[in-house]
Protein chains: 4
Amino acid sequence: MGIRGSLRIMEKNKVKRGFGSDNNAGVHPDILKELISSNSGHVIGYGSDVYTEQAINIFKEQFGSSTETFFVFTGTAANVLGLSGIMKSWNSVITASTAHLEGDECGAPEKFIGCKVLVVDTPDGKITPELIEKHMHGFDFEHHSQPKVISITQATEMGTVYTVSEISTIASFSHERGMLLHMDGARIANAAVSLNLPFKAFTTDAGVDILSFGGTKNGMMCGESICFLKPGLSDDFKYIRKQGMQLASKMRFISAQYLGYFRNDLWKRCAANSNAMARMLADHLNLIPEVKVTQKVQSNGVFVMMPAEIAEKMREHYFFYPWDEKKSEYRLMASWDTAEKDIVDFIALLKKELSPLSR
Amino acid sequence: MGIRGSLRIMEKNKVKRGFGSDNNAGVHPDILKELISSNSGHVIGYGSDVYTEQAINIFKEQFGSSTETFFVFTGTAANVLGLSGIMKSWNSVITASTAHLEGDECGAPEKFIGCKVLVVDTPDGKITPELIEKHMHGFDFEHHSQPKVISITQATEMGTVYTVSEISTIASFSHERGMLLHMDGARIANAAVSLNLPFKAFTTDAGVDILSFGGTKNGMMCGESICFLKPGLSDDFKYIRKQGMQLASKMRFISAQYLGYFRNDLWKRCAANSNAMARMLADHLNLIPEVKVTQKVQSNGVFVMMPAEIAEKMREHYFFYPWDEKKSEYRLMASWDTAEKDIVDFIALLKKELSPLSR
Amino acid sequence: MGIRGSLRIMEKNKVKRGFGSDNNAGVHPDILKELISSNSGHVIGYGSDVYTEQAINIFKEQFGSSTETFFVFTGTAANVLGLSGIMKSWNSVITASTAHLEGDECGAPEKFIGCKVLVVDTPDGKITPELIEKHMHGFDFEHHSQPKVISITQATEMGTVYTVSEISTIASFSHERGMLLHMDGARIANAAVSLNLPFKAFTTDAGVDILSFGGTKNGMMCGESICFLKPGLSDDFKYIRKQGMQLASKMRFISAQYLGYFRNDLWKRCAANSNAMARMLADHLNLIPEVKVTQKVQSNGVFVMMPAEIAEKMREHYFFYPWDEKKSEYRLMASWDTAEKDIVDFIALLKKELSPLSR
Amino acid sequence: MGIRGSLRIMEKNKVKRGFGSDNNAGVHPDILKELISSNSGHVIGYGSDVYTEQAINIFKEQFGSSTETFFVFTGTAANVLGLSGIMKSWNSVITASTAHLEGDECGAPEKFIGCKVLVVDTPDGKITPELIEKHMHGFDFEHHSQPKVISITQATEMGTVYTVSEISTIASFSHERGMLLHMDGARIANAAVSLNLPFKAFTTDAGVDILSFGGTKNGMMCGESICFLKPGLSDDFKYIRKQGMQLASKMRFISAQYLGYFRNDLWKRCAANSNAMARMLADHLNLIPEVKVTQKVQSNGVFVMMPAEIAEKMREHYFFYPWDEKKSEYRLMASWDTAEKDIVDFIALLKKELSPLSR
């Protein structure tokens with residue numbers, strides 16, 4: 001049963017909580033409070049307001065004083081417009097075949113930038129210089145699109161997390177070839193918690209040049225950031241954002257979300273919960289002989305193979321996506337609001353569904 | 001003094017209320033309440049949720065049962081992606097030279113659609129078949145981009161409002177030539193109040209084919225709609241929206257805003273206030289000999305010529321934009337939250353500033 | 001009767017010579033000879049050949065030693081790819097409403113560059129700083145596409161020719177605003193003959209930054225050049241040409257045409273003939289009371305108003321285009337191969353057709 | 001030594017004949033004769049001429065009466081514009097990783113169409129349904145670009161040739177999924193000779209929907225064709241070609257080349273020679289123990305591994321490209337004008353260079 005069929009079943013059954021995606025959760029109440037408190041009086045639109053000024057300064061604190069930050073609405077826009085700022089149409093960006101940039105943006109990089117996206121197959125979502133090497137040719141040869149950016153996802157789409165050393169190595173590899181390093185940080189908070197490091201340690205300090213900083217998957221309502229971590233990259237970006245249809249008129253309401261997100265490290269508490277819940281879920285699953293966790297659980301995603309008929313039964317109660325139907329592999333995502341009870345109940349039902357098989 | 005300088009003065013003086021734009025106002029409290037009440041449990045992302053289903057159905061009620069509605073984040077996106085659904089790159093869209101599509105999207109239609117935007121000069125923001133006629137040539141001739149869409153703004157950027165008859169006439173003119181009629185409805189609520197008509201009467205029933213329905217300028221936080229009013233136009237649009245970087249992951253929070261917007265005709269109350277305040281402002285201005293209202297006040301905008309040095313003094317207290325610096329013409333916009341006191345105070349200050357001149 | 005109908009009549013009548021366009025003429029025999037003599041042995045493709053090297057050097061001689069020249073196939077490509085080298089998608093180019101860039105490229109600049117084309121109405125095809133001024137606003141304001149290039153056509157589509165002084169004035173105007181000056185030189189040879197000046201005098205020396213240098217309308221087979229007249233503009237252009245689908249594999253056969261074009265000033269002889277024939281045609285027309293030459297005849301085009309029914313009769317024998325059907329205005333183009341007999345015969349037939357009217 | 005270095009050596013040594021590419025050869029004399037004979041009188045530009053009409057009819061004879069043919073200048077344009085006619089920006093085209101579409105167009109498909117190019121690794125340049133299968137997912141899911149076209153190259157970039165049965169199988173696979181089959185026929189003449197079949201047998205009759213028909217690599221000067229083999233695909237294509245900057249003003253000179261190309265089966269004689277010379281070259285190479293022919297020789301290309309230092313010495317006398325420097329693999333292309341003496345001399349020199357090694 002495909003995704004559409006699954007959705008229909010979920011809707012029919014009024015399923016309310018699940019492991020479909022971290023964006024199926026709502027907004028953290030502290031973010032809503034910040035929206036309410038910023039809703040006072042008039043401010044100039046399109047970013048010339050104090051909330052935006054404050055939010056931009058927080059990013060300078062978190063990522064270094066050279067950081068230039070621009071807010072947009074979606075992760076797709078953060079990735080595509082950010083790359084648009086540092087690529088020409090005749091450049092290519094190299095990324096993992098599992099990256100959102102390749103498989104989940106419906107061709108938005110190609111449409112908006114006009115560039116090539118070159119992919120690298122990788123077992124765990126992480127790419128390495130060795131894997132990238134195959135695309136390192138054709139430089140200065142005009143028949144060939146010119147490699148310009150390497151893009152890594154942190155945490156990856158497979159739930160794994162790059163170490164600082166791995167990132168630094170790719171950064172050096174990029175810079176030695178006149179290329180830049182982009183990080184898709186849709187789940188960067190989960191990575192920071194996993195690494196137990198401040199954001200700067202594995203981005204700016206590790207050589208990342210440009211970052212898509214996500215918030216929506218970790219308790220925000222909408223709003224992603226493009227952070228130019230090196231000086232001189234963002235001079236014309238305001239035009240790119242506007243022409244890219246992503247300049248918010250009432251921008252204070254994106255900025256205010258970020259104020260709430262960073263206040264008292266809300267982001268850390270949210271990500272710590274989803275990471276811990278994924279860990280707990282994986283630990284329980286590992287005890288069940290009929291299922292197999294297929295990737296290291298380093299952030300808030302758990303990939304698991306289980307018998308397809310059992311998975312379909314579970315999906316009548318809990319929404320989650322098939323990842324690789326041929327291998328009967330599924331993805332379970334924990335959210336900022338996933339509770340221990342959600343795990344316990346899920347595991348109990350899974351065991352119950354599996355019991356006729358094990359007899 | 002240009003816009004940037006003006007912004008700096010405003011920020012320095014901590015101006016809190018003004019007539020800069022209807023998007024300088026915040027969010028109506030009822031919209032915020034709706035956001036809070038929809039923030040419960042998990043729902044599937046990207047629009048497969050009950051809030052979105054309900055919101056889409058409201059648009060069918062308002063515009064007719066064939067209406068297919070898609071939510072995006074910005075007015076630019078509503079205009080550009082909507083047109084992208086009905087144009088090819090070798091088509092042209094014809095619009096007023098004052099239209100947002102021409103002057104305020106930083107070339108987004110050209111970038112995303114690849115099309116030509118052909119303009120018509122018009123004294124009051126309204127275009128007519130007679131004015132459009134000059135672009136009606138080159139059909140079937142491949143050297144010439146093929147006219148495909150006429151786009152009107154309702155209410156116009158000049159604060160004027162098309163009558164039903166004027167719209168029907170342009171619709172017939174379009175359809176007779178195999179063309180379609182697009183309406184940029186960033187301020188459609190103000191037009192509906194001005195005409196004292198339901199939305200459907202001057203859109204679907206008047207022959208409009210596709211509509212950008214705005215909410216942000218009238219009390220919403222973010223969220224615009226693309227409404228395909230005729231069947232068969234929207235089949236592939238889901239791909240266009242996603243590739244256009246405008247598919248909201250937590251879409252329920254756009255949809256919920258629309259639920260609040262239509263509940264108890266909130267939109268009508270908001271627009272009625274801003275229209276009435278603009279009317280009141282214009283009435284006061286008309287009594288002052290040194291200033292001159294230059295456009296009919298049919299919605300929430302007032303265009304006025306006043307001595308430049310007076311305008312600059314006023315702008316130290318109230319943010320508003322110069323419209324045509326050569327003519328010393330300014331634009332004053334009323335909002336859903338503009339109060340009578342705002343008008344009274346503004347007029348009082350204006351008279352005070354003018355008094356040395358009139359002596 | 002539209003263009004298609006006219007074409008059908010022409011084909012039916014097997015018309016062989018006319019005044020339709022300078023590209024209706026064939027190839028000058030000297031160009032063909034050059035093609036034949038370059039067709040010897042193997043040379044490396046895509047421009048790494050001695051013919052291309054020589055042709056590029058000729059352009060350095062003609063336009064100055066900093067000139068970087070790239071060959072493409074069509075005038076549309078020369079204009080669009082050349083501009084693509086110096087514009088971003090959020091820039092605009094300003095040109096006459098009669099310019100090819102606006103009306104005859106089917107939206108190619110918008111499609112390939114993603115930019116806006118802003119137009120200036122002009123009675124004679126020539127634009128001036130005064131006319132351009134209306135687009136000089138919105139600088140640094142991201143809602144507005146940023147003016148970057150002014151494009152003039154030399155000779156203009158109306159057959160007129162800019163003086164050196166007029167060009168210098170527009171160049172200064174451009175450069176003072178951080179903008180660049182582009183010249184569409186599809187008929188630059190006709191302008192050079194008209195001005196009786198070397199190419200360099202009214203291009204590089206007059207402040208032109210980038211030039212589309214045409215040859216096809218003046219006796220070549222195919223092949224247009226993009227000449228970057230100032231250093232530093234063309235660094236990445238080889239990628240733009242290739243991605244723009246205009247890199248010739250057997251480039252020697254474009255280059256060889258240029259060798260023939262410049263050998264013994266062939267270009268000058270061709271253009272001198274077409275200019276002289278246009279002059280002769282206009283002189284004859286001016287003696288006929290029922291017709292009226294509407295533009296100065298400074299190159300090889302003659303614009304003339306004549307009774308529509310007479311024009312249609314003439315078009316059964318001579319192919320030429322209506323220019324403005326409402327005014328009954330027609331365009332007659334002379335070619336490198338137009339002969340005095342063509343003029344004499346045309347005028348004789350015209351007088352014969354007119355005679356019943358004048359009785 | 002990279003390509004640029006190699007080119008410099010070749011130029012220095014005034015190498016006149018080699019195996020660099022079939023486009024390093026010149027134009028067949030019969031094509032030049034046809035150019036000369038068509039250079040008579042005036043014809044209407046942009047394709048409304050008798051030469052173009054005749055050439056288009058020849059394609060109907062060769063490929064079936066429904067065939068709609070459009071001429072462009074380059075193979076890149078034939079591929080990209082052709083696909084542009086049958087794809088939307090949110091579609092993907094699937095092709096071999098060795099295909100020109102992927103590696104040799106500098107990202108032109110992405111730039112012009114905005115689409116994704118998905119690749120399949122293949123040992124011999126030929127793709128199969130089994131290999132393509134991995135991209136057959138995400139249909140109807142808007143996050144994923146929608147597969148729409150499968151593109152095969154005939155003969156492939158590796159010198160191999162698809163059988164009719166192989167093509168039919170891919171065509172059925174495509175059509176069953178609502179997709180279309182494109183053939184890049186830059187070397188289609190070589191394939192036809194190799195298969196000993198008329199063009200129609202392995203294109204239209206085998207289920208190919210759209211074809212890029214090349215001529216430049218087989219003795220023409222410039223000029224490629226886009227052939228829509230099924231009705232209803234080409235309705236708007238004239239606009240795509242013009243906006244794609246590929247509408248020839250003096251189109252008769254492309255069309256005339258095709259008249260010469262098909263007259264007395266010139267194409268067949270040219271391709272038969274290059275195929276036979278490649279065969280002869282491979283046969284000789286197969287007798288030399290130190291070298292290894294790595295691909296089946298089914299058209300005019302020979303892929304061979306040889307010691308790198310020997311290859312470099314040979315490249316001082318004969319221009320040819322390294323294919324895979326890591327494997328010391330080179331590509332040798334025969335042309336319509338390759339003579340037996342070229343082969344004999346090359347082999348003799350190779351043996352001489354190799355002799356010190358074999359002692």
# chains A, B, ... in the order shown; residues from 1 in each chain; ligands from 1
>>> interface_residues(of="chain C", to="chain A", cutoff="10 Å", atoms="only C-alpha atoms", output="list in words")
Tyr46, Lys88, Ser89, Trp90, Asn91, Phe112, Gly114, Asp140, Phe141, Glu142, His143, His144, Ser145, Gln146, Asp236, Phe237, Lys238, Tyr239, Ile240, Arg241, Lys242, Gln243, Gly244 and Leu247 of chain C
>>> write_last_selection(atoms="N, CA, C and O atoms", output="mmCIF file, in the first residue's frame")
data_model
loop_
_atom_site.group_PDB
_atom_site.id
_atom_site.type_symbol
_atom_site.label_atom_id
_atom_site.label_comp_id
_atom_site.auth_asym_id
_atom_site.auth_seq_id
_atom_site.Cartn_x
_atom_site.Cartn_y
_atom_site.Cartn_z
ATOM 1 N N TYR C 46 34.907 22.602 -31.458
ATOM 2 C CA TYR C 46 34.482 23.510 -30.384
ATOM 3 C C TYR C 46 35.374 24.734 -30.228
ATOM 4 O O TYR C 46 35.453 25.320 -29.159
ATOM 5 N N LYS C 88 22.360 39.398 -13.560
ATOM 6 C CA LYS C 88 21.768 38.395 -12.697
ATOM 7 C C LYS C 88 20.267 38.359 -12.992
ATOM 8 O O LYS C 88 19.714 39.301 -13.570
ATOM 9 N N SER C 89 19.629 37.316 -12.526
ATOM 10 C CA SER C 89 18.194 37.187 -12.812
ATOM 11 C C SER C 89 17.395 38.326 -12.195
ATOM 12 O O SER C 89 16.335 38.687 -12.702
ATOM 13 N N TRP C 90 17.891 38.914 -11.137
ATOM 14 C CA TRP C 90 17.140 39.995 -10.472
ATOM 15 C C TRP C 90 17.535 41.374 -11.007
ATOM 16 O O TRP C 90 17.167 42.390 -10.417
ATOM 17 N N ASN C 91 18.228 41.404 -12.111
ATOM 18 C CA ASN C 91 18.522 42.664 -12.794
ATOM 19 C C ASN C 91 17.483 42.915 -13.881
ATOM 20 O O ASN C 91 16.751 42.017 -14.276
ATOM 21 N N PHE C 112 15.861 32.672 -20.399
ATOM 22 C CA PHE C 112 17.225 32.196 -20.158
ATOM 23 C C PHE C 112 17.900 32.952 -19.012
ATOM 24 O O PHE C 112 18.617 32.361 -18.208
ATOM 25 N N GLY C 114 16.111 35.117 -16.888
ATOM 26 C CA GLY C 114 15.157 35.287 -15.788
ATOM 27 C C GLY C 114 14.979 36.739 -15.392
ATOM 28 O O GLY C 114 14.393 37.041 -14.356
ATOM 29 N N ASP C 140 18.641 49.383 -4.891
ATOM 30 C CA ASP C 140 18.923 48.865 -3.554
ATOM 31 C C ASP C 140 17.667 48.381 -2.826
ATOM 32 O O ASP C 140 17.724 47.982 -1.673
ATOM 33 N N PHE C 141 16.532 48.421 -3.502
ATOM 34 C CA PHE C 141 15.252 48.040 -2.895
ATOM 35 C C PHE C 141 14.893 46.672 -3.450
ATOM 36 O O PHE C 141 14.677 46.517 -4.650
ATOM 37 N N GLU C 142 14.869 45.652 -2.606
ATOM 38 C CA GLU C 142 14.807 44.289 -3.137
ATOM 39 C C GLU C 142 13.474 43.898 -3.760
ATOM 40 O O GLU C 142 13.378 42.848 -4.383
ATOM 41 N N HIS C 143 12.451 44.742 -3.575
ATOM 42 C CA HIS C 143 11.181 44.442 -4.238
ATOM 43 C C HIS C 143 11.241 44.728 -5.734
ATOM 44 O O HIS C 143 10.383 44.285 -6.485
ATOM 45 N N HIS C 144 12.244 45.455 -6.104
ATOM 46 C CA HIS C 144 12.330 45.966 -7.465
ATOM 47 C C HIS C 144 13.524 45.331 -8.175
ATOM 48 O O HIS C 144 14.619 45.293 -7.627
ATOM 49 N N SER C 145 13.317 44.851 -9.375
ATOM 50 C CA SER C 145 14.457 44.320 -10.123
ATOM 51 C C SER C 145 15.436 45.467 -10.372
ATOM 52 O O SER C 145 15.029 46.585 -10.645
ATOM 53 N N GLN C 146 16.699 45.171 -10.264
ATOM 54 C CA GLN C 146 17.722 46.205 -10.252
ATOM 55 C C GLN C 146 18.225 46.508 -11.667
ATOM 56 O O GLN C 146 18.831 45.644 -12.312
ATOM 57 N N ASP C 236 33.641 33.703 -17.302
ATOM 58 C CA ASP C 236 32.891 32.446 -17.234
ATOM 59 C C ASP C 236 32.076 32.189 -18.484
ATOM 60 O O ASP C 236 31.261 31.272 -18.511
ATOM 61 N N PHE C 237 32.298 32.994 -19.503
ATOM 62 C CA PHE C 237 31.353 32.948 -20.601
ATOM 63 C C PHE C 237 31.362 31.630 -21.363
ATOM 64 O O PHE C 237 30.352 31.236 -21.947
ATOM 65 N N LYS C 238 32.486 30.931 -21.346
ATOM 66 C CA LYS C 238 32.496 29.668 -22.104
ATOM 67 C C LYS C 238 31.451 28.697 -21.574
ATOM 68 O O LYS C 238 30.856 27.937 -22.333
ATOM 69 N N TYR C 239 31.204 28.729 -20.279
ATOM 70 C CA TYR C 239 30.175 27.845 -19.714
ATOM 71 C C TYR C 239 28.773 28.315 -20.109
ATOM 72 O O TYR C 239 27.889 27.513 -20.380
ATOM 73 N N ILE C 240 28.597 29.612 -20.126
ATOM 74 C CA ILE C 240 27.287 30.153 -20.503
ATOM 75 C C ILE C 240 26.957 29.782 -21.943
ATOM 76 O O ILE C 240 25.843 29.375 -22.249
ATOM 77 N N ARG C 241 27.947 29.886 -22.834
ATOM 78 C CA ARG C 241 27.690 29.534 -24.225
ATOM 79 C C ARG C 241 27.356 28.060 -24.372
ATOM 80 O O ARG C 241 26.434 27.691 -25.107
ATOM 81 N N LYS C 242 28.101 27.206 -23.693
ATOM 82 C CA LYS C 242 27.835 25.781 -23.820
ATOM 83 C C LYS C 242 26.477 25.433 -23.226
ATOM 84 O O LYS C 242 25.665 24.756 -23.863
ATOM 85 N N GLN C 243 26.222 25.915 -22.003
ATOM 86 C CA GLN C 243 24.926 25.614 -21.381
ATOM 87 C C GLN C 243 23.789 26.264 -22.169
ATOM 88 O O GLN C 243 22.669 25.764 -22.167
ATOM 89 N N GLY C 244 24.121 27.349 -22.869
ATOM 90 C CA GLY C 244 23.142 28.021 -23.728
ATOM 91 C C GLY C 244 22.953 27.338 -25.064
ATOM 92 O O GLY C 244 22.268 27.874 -25.941
ATOM 93 N N LEU C 247 27.414 26.246 -28.467
ATOM 94 C CA LEU C 247 28.818 25.955 -28.773
ATOM 95 C C LEU C 247 28.881 25.084 -30.026
ATOM 96 O O LEU C 247 28.452 23.925 -30.011
#
>>> residues_around(residues="range 69-76 of chain D", least_positions_apart="6", cutoff="6 Å", atoms="only C-alpha atoms", output="PyMOL selection string")
(chain C and resi 245) or (chain D and resi 56+222-227+246)
>>> write_last_selection(atoms="N, CA, C and O atoms", output="CSV table (one decimal), in the first residue's frame")
chain,number,residue,atom,x,y,z
C,245,MET,N,23.6,26.2,-25.2
C,245,MET,CA,23.3,25.3,-26.4
C,245,MET,C,23.9,25.9,-27.7
C,245,MET,O,23.4,25.6,-28.8
D,56,ILE,N,12.0,18.7,-44.8
D,56,ILE,CA,11.0,18.1,-43.8
D,56,ILE,C,10.3,16.9,-44.4
D,56,ILE,O,10.0,16.0,-43.7
D,222,CYS,N,26.7,21.9,-40.0
D,222,CYS,CA,26.0,22.2,-38.7
D,222,CYS,C,24.6,21.9,-39.0
D,222,CYS,O,24.2,21.9,-40.2
D,223,GLY,N,23.8,21.6,-38.0
D,223,GLY,CA,22.4,21.3,-38.2
D,223,GLY,C,22.0,20.0,-37.7
D,223,GLY,O,22.6,19.0,-38.1
D,224,GLU,N,21.1,20.0,-36.7
D,224,GLU,CA,20.6,18.8,-36.2
D,224,GLU,C,19.1,18.9,-36.2
D,224,GLU,O,18.5,20.0,-36.4
D,225,SER,N,18.4,17.8,-36.1
D,225,SER,CA,17.0,17.8,-36.2
D,225,SER,C,16.3,17.3,-35.0
D,225,SER,O,16.8,16.3,-34.4
D,226,ILE,N,15.1,17.8,-34.7
D,226,ILE,CA,14.3,17.3,-33.7
D,226,ILE,C,13.1,16.7,-34.4
D,226,ILE,O,12.4,17.4,-35.1
D,227,CYS,N,12.9,15.3,-34.3
D,227,CYS,CA,11.8,14.7,-35.0
D,227,CYS,C,10.8,14.2,-34.0
D,227,CYS,O,11.1,13.3,-33.2
D,246,GLN,N,17.2,29.1,-31.2
D,246,GLN,CA,17.7,28.1,-32.2
D,246,GLN,C,16.9,28.2,-33.5
D,246,GLN,O,17.0,27.3,-34.3
>>> residues_around(residues="Asp283 in chain D", least_positions_apart="3", cutoff="12 Å", atoms="only C-alpha atoms", output="ChimeraX atom specification")
/D:276-280,286-288,291-293,296-297,302,304,343-344,347
>>> residues_around(residues="Leu35 in chain B", least_positions_apart="6", cutoff="7 Å", atoms="only C-alpha atoms", output="ChimeraX atom specification")
/B:253,256-257
>>> residues_around(residues="Met251 in chain D", least_positions_apart="3", cutoff="6 Å", atoms="only C-alpha atoms", output="MDAnalysis selection string")
chainID D and resid 46:47 248 254
>>> write_last_selection(atoms="all heavy atoms", output="compact mmCIF listing (two decimals), in the first residue's frame")
# COMPACT_ATOMS: atom_id res chain seq x y z
N TYR D 46 13.66 32.02 -41.75
CA TYR D 46 13.08 31.31 -40.62
C TYR D 46 12.29 30.06 -41.00
O TYR D 46 11.41 29.63 -40.26
CB TYR D 46 12.22 32.26 -39.78
CG TYR D 46 12.98 33.48 -39.33
CD1 TYR D 46 12.72 34.74 -39.87
CD2 TYR D 46 14.01 33.37 -38.38
CE1 TYR D 46 13.45 35.85 -39.47
CE2 TYR D 46 14.73 34.49 -37.98
CZ TYR D 46 14.45 35.72 -38.53
OH TYR D 46 15.17 36.81 -38.13
N GLY D 47 12.58 29.50 -42.19
CA GLY D 47 12.01 28.19 -42.50
C GLY D 47 10.88 28.17 -43.49
O GLY D 47 10.43 27.09 -43.89
N ALA D 248 16.89 29.42 -37.02
CA ALA D 248 17.84 29.95 -38.00
C ALA D 248 17.15 30.95 -38.91
O ALA D 248 16.09 30.67 -39.47
CB ALA D 248 18.41 28.81 -38.83
N ILE D 254 20.60 25.19 -43.52
CA ILE D 254 20.58 23.92 -42.78
C ILE D 254 19.83 22.90 -43.62
O ILE D 254 20.27 21.77 -43.82
CB ILE D 254 19.91 24.07 -41.40
CG1 ILE D 254 20.68 25.04 -40.51
CG2 ILE D 254 19.81 22.70 -40.72
CD1 ILE D 254 20.11 25.17 -39.10
>>> select_by_dssp(residues="range 80-260 of chain D", states="helix (DSSP H, G or I)", output="MDAnalysis selection string")
chainID D and resid 80:86 100:103 108:113 129:135 164:176 188:195 199:202 204:206 216:218 237:243 252:260
>>> residues_around(residues="Pro123 in chain C", least_positions_apart="6", cutoff="12 Å", atoms="only C-alpha atoms", output="ChimeraX atom specification")
/C:96-98,131,156-160,294-296
>>> select_by_dssp(residues="range 255-311 of chain C", states="strand (DSSP E or B)", output="list of chain:residue names")
C:Lys292, C:Val293, C:Gly301, C:Val302, C:Phe303, C:Val304, C:Met305
>>> write_last_selection(atoms="N, CA and C atoms", output="PDB file, in the first residue's frame")
ATOM      1  N   LYS C 292       4.384  57.929 -48.236  1.00  0.00           N
ATOM      2  CA  LYS C 292       5.109  58.823 -47.338  1.00  0.00           C
ATOM      3  C   LYS C 292       6.164  58.020 -46.585  1.00  0.00           C
ATOM      4  N   VAL C 293       7.414  58.391 -46.750  1.00  0.00           N
ATOM      5  CA  VAL C 293       8.500  57.755 -45.984  1.00  0.00           C
ATOM      6  C   VAL C 293       8.444  58.307 -44.566  1.00  0.00           C
ATOM      7  N   GLY C 301      16.987  50.209 -44.208  1.00  0.00           N
ATOM      8  CA  GLY C 301      15.543  50.029 -44.092  1.00  0.00           C
ATOM      9  C   GLY C 301      14.794  51.282 -44.469  1.00  0.00           C
ATOM     10  N   VAL C 302      13.653  51.083 -45.109  1.00  0.00           N
ATOM     11  CA  VAL C 302      12.789  52.202 -45.487  1.00  0.00           C
ATOM     12  C   VAL C 302      11.390  51.910 -44.949  1.00  0.00           C
ATOM     13  N   PHE C 303      10.876  52.832 -44.151  1.00  0.00           N
ATOM     14  CA  PHE C 303       9.520  52.697 -43.624  1.00  0.00           C
ATOM     15  C   PHE C 303       8.619  53.652 -44.393  1.00  0.00           C
ATOM     16  N   VAL C 304       7.498  53.133 -44.843  1.00  0.00           N
ATOM     17  CA  VAL C 304       6.685  53.919 -45.747  1.00  0.00           C
ATOM     18  C   VAL C 304       5.199  53.645 -45.522  1.00  0.00           C
ATOM     19  N   MET C 305       4.411  54.695 -45.527  1.00  0.00           N
ATOM     20  CA  MET C 305       2.963  54.534 -45.504  1.00  0.00           C
ATOM     21  C   MET C 305       2.466  54.586 -46.933  1.00  0.00           C
TER      22      MET C 305
END
>>> residues_around(residues="range 179-182 of chain D", least_positions_apart="3", cutoff="8 Å", atoms="only C-alpha atoms", output="list in words")
Leu83, Pro147, Lys148, Val149, Ile150, Ser151, Ile152, Ile170, Ala171, Ser174, His175, Glu176, Gly207, Val208, Asp209, Ile210, Leu211 and Ser212 of chain D
>>> closest_residue(among="C:Ala189, C:Ala25, C:Met221, C:Leu266", to="Ser335 in chain C", atoms="only C-alpha atoms")
C:Ala25
>>> atom_distance(atom1="CA of Gly107 in chain A", atom2="CA of Lys116 in chain D")
5.7 Å
